[in-house]
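Asker: Below you will find the structure I want to go over with you.
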Protein chains: 2
Amino acid sequence: VTEPAAPPLRLAVLGVGLIGGSVALAAHERLGAHVTGWDVDPEALAEAFALGVLDAVVSAPEELTAADIVVVAVPVPALESTVRAACAALPEAVITDVGSTKHALVEALGDASRFIGGHPLAGAEVAGVAHARADLFAGSTWYLTPRDGAEGVLYERLHRFVAGLGAVPTAIGHAEHDELMAAFSHLPHLVANALVAEGTLAVQGGGIPATGPSFRDMTRVAGANPPLWAGIYAANRSALLAGLDGMLARLGAVRELVADGDVAALESWQREVAVQRAAFDAERAGGPLREVRAVVPNRPGVVADLARTLARAGINIHDMSLSPAADWRTGEIGVWVAEDQADRARDLIAEVVR
Amino acid sequence: VTEPAAPPLRLAVLGVGLIGGSVALAAHERLGAHVTGWDVDPEALAEAFALGVLDAVVSAPEELTAADIVVVAVPVPALESTVRAACAALPEAVITDVGSTKHALVEALGDASRFIGGHPLAGAEVAGVAHARADLFAGSTWYLTPRDGAEGVLYERLHRFVAGLGAVPTAIGHAEHDELMAAFSHLPHLVANALVAEGTLAVQGGGIPATGPSFRDMTRVAGANPPLWAGIYAANRSALLAGLDGMLARLGAVRELVADGDVAALESWQREVAVQRAAFDAERAGGPLREVRAVVPNRPGVVADLARTLARAGINIHDMSLSPAADWRTGEIGVWVAEDQADRARDLIAEVVR
């Protein structure tokens, strides 16, 4: 007598763009799930079905009849109503989303809901189900924001599902999530925009000047995906306002130090920040880091050589920056390595770039 | 009858730290110069002499008796007096410096001076003559700020000298230099500091959250070399105040958009910045760029493989960022390549990371 096979996981995906499509693919390939899909755009839905991303489709969220898990991956304005429709249609399912902010939605839905907020830290520079990939979430953090009253059985099911997609489920409070995202992602994006706008004003039609890599590194995310980011800024209104107010106060205080020519206070602040930054570095890397810089000659592949040489010696490159040219063929390179490997790294790099 | 050999270039270097020492070494090795040195610290001077960086030493700038070129590489507070001493001691020489700001010094010295400001875009994370390198300036931009009244023969001599060290001499007005440095380097450094301080406040002793690479990329320069940067902020007071005021006004305006929940205006600003950023990218790279992202598996050397594979196909990586982990072994990679090579790059990357 053999045990009957467990029935397949029943997944519903509402909104089959890049993220929804990738959830469907990963659930298919890694968990053998049966996936039902819906999208407000019938052509996108038909494309997803034709690509084999979905096993079944429905023409409205209300028409879902059975699911263990519902992943809502629609644009922010449609999020709350779609989650409500799924909650109403499927009294047994745990419902989650993939939005970048959690507080407003979780509060709007209230305690009684079977909704548990989610936020996978994954994406791509391309949109649409045609670019969906089963490995999109591999190794990434996927935040989950269960409320105090969340049913354990539902949370456990969602946690197992997210881990099954290859991601790392990480529980966090919804308000804390939004505050951290404001400080570490949304505020930096706004600041990057402002730096680009200031830089544009400064060059006034002239060329950008040669400088170190700070401007390029600090503006890499400027102007990212406009509809997506405008929605994120607005959705995280309260945490982002607090962050902006903090930033404005801080830069205002620095302005006074510069106006007063208070070199001692500026140096003391710079030292304080150096300690704070080193703490972040050490936390990320699991120990203190040190920077090693070298001039990289104009020889193709030298950066790759350098990366392989350090890897072979068991030295991890925790961070890297190139300046002033960013073309991987010339300029200065800075690598951040564990403090106790810095001298060895310097010697190895000197041999490579000789 | 043979022509007599040209006499060697006579160089004086005042301040023999990393930069001054590297100027001396490069002038020795590349130009066969005779180098006389001075430093306020007799031990540093003796070390430079013992290392063979200098041919001769003097115990005060006033004791210099002959030089074609004087490079003043002392800390900012001693800069003006040292330049004046060199001007007085050597009526034939062109005198230059290596400071990060130019306006205040050039104005203080006035029209009549034989001083021409300089600013090499090179450095290292280590200080002192022991780390001096003859190749420190190889391929780097070296700004020169001749005044309208600068003697052509002196400028030509300095230009030829800087090019002879392997750098790329680039003429620019001293006020314009400082405004561009404020917008593209000094303001970004202050903003990076403020982001680190805000982030430290947000985590309040807890761990840093998993996010995309924006925070790490934007805070790489936070807290850099405190005495050096405090001096730079103060020395570039007027341009930096203008930049800070612009930044404060801009972030204040964005704050209103966020407070009003004006998604349309936020999206329109995000689009405007995207165009500005693309213009900077295109100018740097000589053409429009596109980002290609991929999940990088947990396999040593995969990033190096990827860099070599693209190089072999003639595809230049103009910029690169790794997220969320920065350990070069796991996470998501984004590379910026020429727009017309992006599809090919995507295919090649897919093969490598398979």
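Each chain in the structure tokens gets a letter, A, B, ..., in the order shown, and its residues are numbered from 1; ligands are numbered from 1 in order too.
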Go through range 75-144 of chain B and flag each residue having an atom no more than 6 Å from range 170-175 of chain B; for those, report the closest pair of atoms plus their distance in Å to one decimal, using only C-alpha atoms, ordered by chain and rising number, as a tab-separated table.
Answerer:
residue	atom	partner	partner_atom	distance
B:Lys102	CA	B:His174	CA	5.4
B:His103	CA	B:His174	CA	5.1
B:Trp142	CA	B:Thr170	CA	5.9
B:Tyr143	CA	B:Thr170	CA	4.8
B:Leu144	CA	B:Ala171	CA	4.8
Asker: Take the residues that were just selected and, keeping C-alpha atoms, output them as a PDB file, in the first residue's frame.
Answerer:
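Dumped everything to part_5.pdb:
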ATOM      1  CA  LYS B 102      41.167  76.752  -6.171  1.00  0.00           C
ATOM      2  CA  HIS B 103      39.108  79.938  -5.931  1.00  0.00           C
ATOM      3  CA  TRP B 142      44.920  67.030 -13.552  1.00  0.00           C
ATOM      4  CA  TYR B 143      43.104  70.358 -13.457  1.00  0.00           C
ATOM      5  CA  LEU B 144      45.077  73.558 -14.047  1.00  0.00           C
TER       6      LEU B 144
END
Asker: Taking only range 110-261 of chain B into account, list the residues labelled strand (DSSP E) by DSSP (computed from the backbone), as a PyMOL selection string.
Answerer: chain B and resi 117-120+141-145+168-171
Asker: Quick check for you: according to DSSP on this backbone, which residues of range 165-275 of chain A are classed as alpha helix (DSSP H)? Reply as a PyMOL selection string.
Answerer: chain A and resi 174-181+187-203+214-218+226-235+237-260+263-275
Asker: Neighbours of His189 in chain B within 12 Å (only C-alpha atoms; same-chain residues fewer than 2 positions away dropped), as a ChimeraX atom specification?
Answerer: /A:195,212-215,217-218,251,254,270,273-274 /B:181-187,191-196,218-226,229-230,232-233,240,243-244
Asker: Using only C-alpha atoms, determine which residues lie at most 12 Å from Ala127 in chain B, disregarding the query and same-chain residues fewer than 3 positions distant; provide the list as a PyMOL selection string.
Answerer: (chain A and resi 293) or (chain B and resi 16-22+44+123-124+130-133+225+228)
Asker: Counting only C-alpha atoms, what is within 8 Å of Ala259 in chain A, bar same-chain residues fewer than 4 positions away, as a list in words?
Answerer: Arg255 of chain A; Arg237 and Leu241 of chain B
Asker: Which residue out of B:Gly166, B:Gly199, B:Gly314, B:Gly99 has the minimum interatomic distance to Leu25 in chain B when only C-alpha atoms are used?
Answerer: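 Of the candidates, the smallest distance to Leu25 in chain B is held by B:Gly166.
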Asker: For a quick check of understanding, using only C-alpha atoms, which of A:Ala313, A:Ala282, A:Asp343, A:Val203 has the smallest distance to chain B?
Answerer: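 Ranked by minimum distance to chain B, first place goes to A:Val203.
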Asker: So, with only C-alpha atoms as the atoms that count, which of B:Ala26, B:Val353, B:Ile317, B:Ala239 lies closest to chain A?
Answerer: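 Among the listed residues, B:Ile317 lies closest to chain A.
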Asker: Name the closest residue to chain B among the candidates A:Arg354, A:Arg157, A:Arg271, A:Arg346; distances are taken between atoms, counting only C-alpha atoms.
Answerer: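 Checking each candidate against chain B, we get A:Arg271 as the closest.
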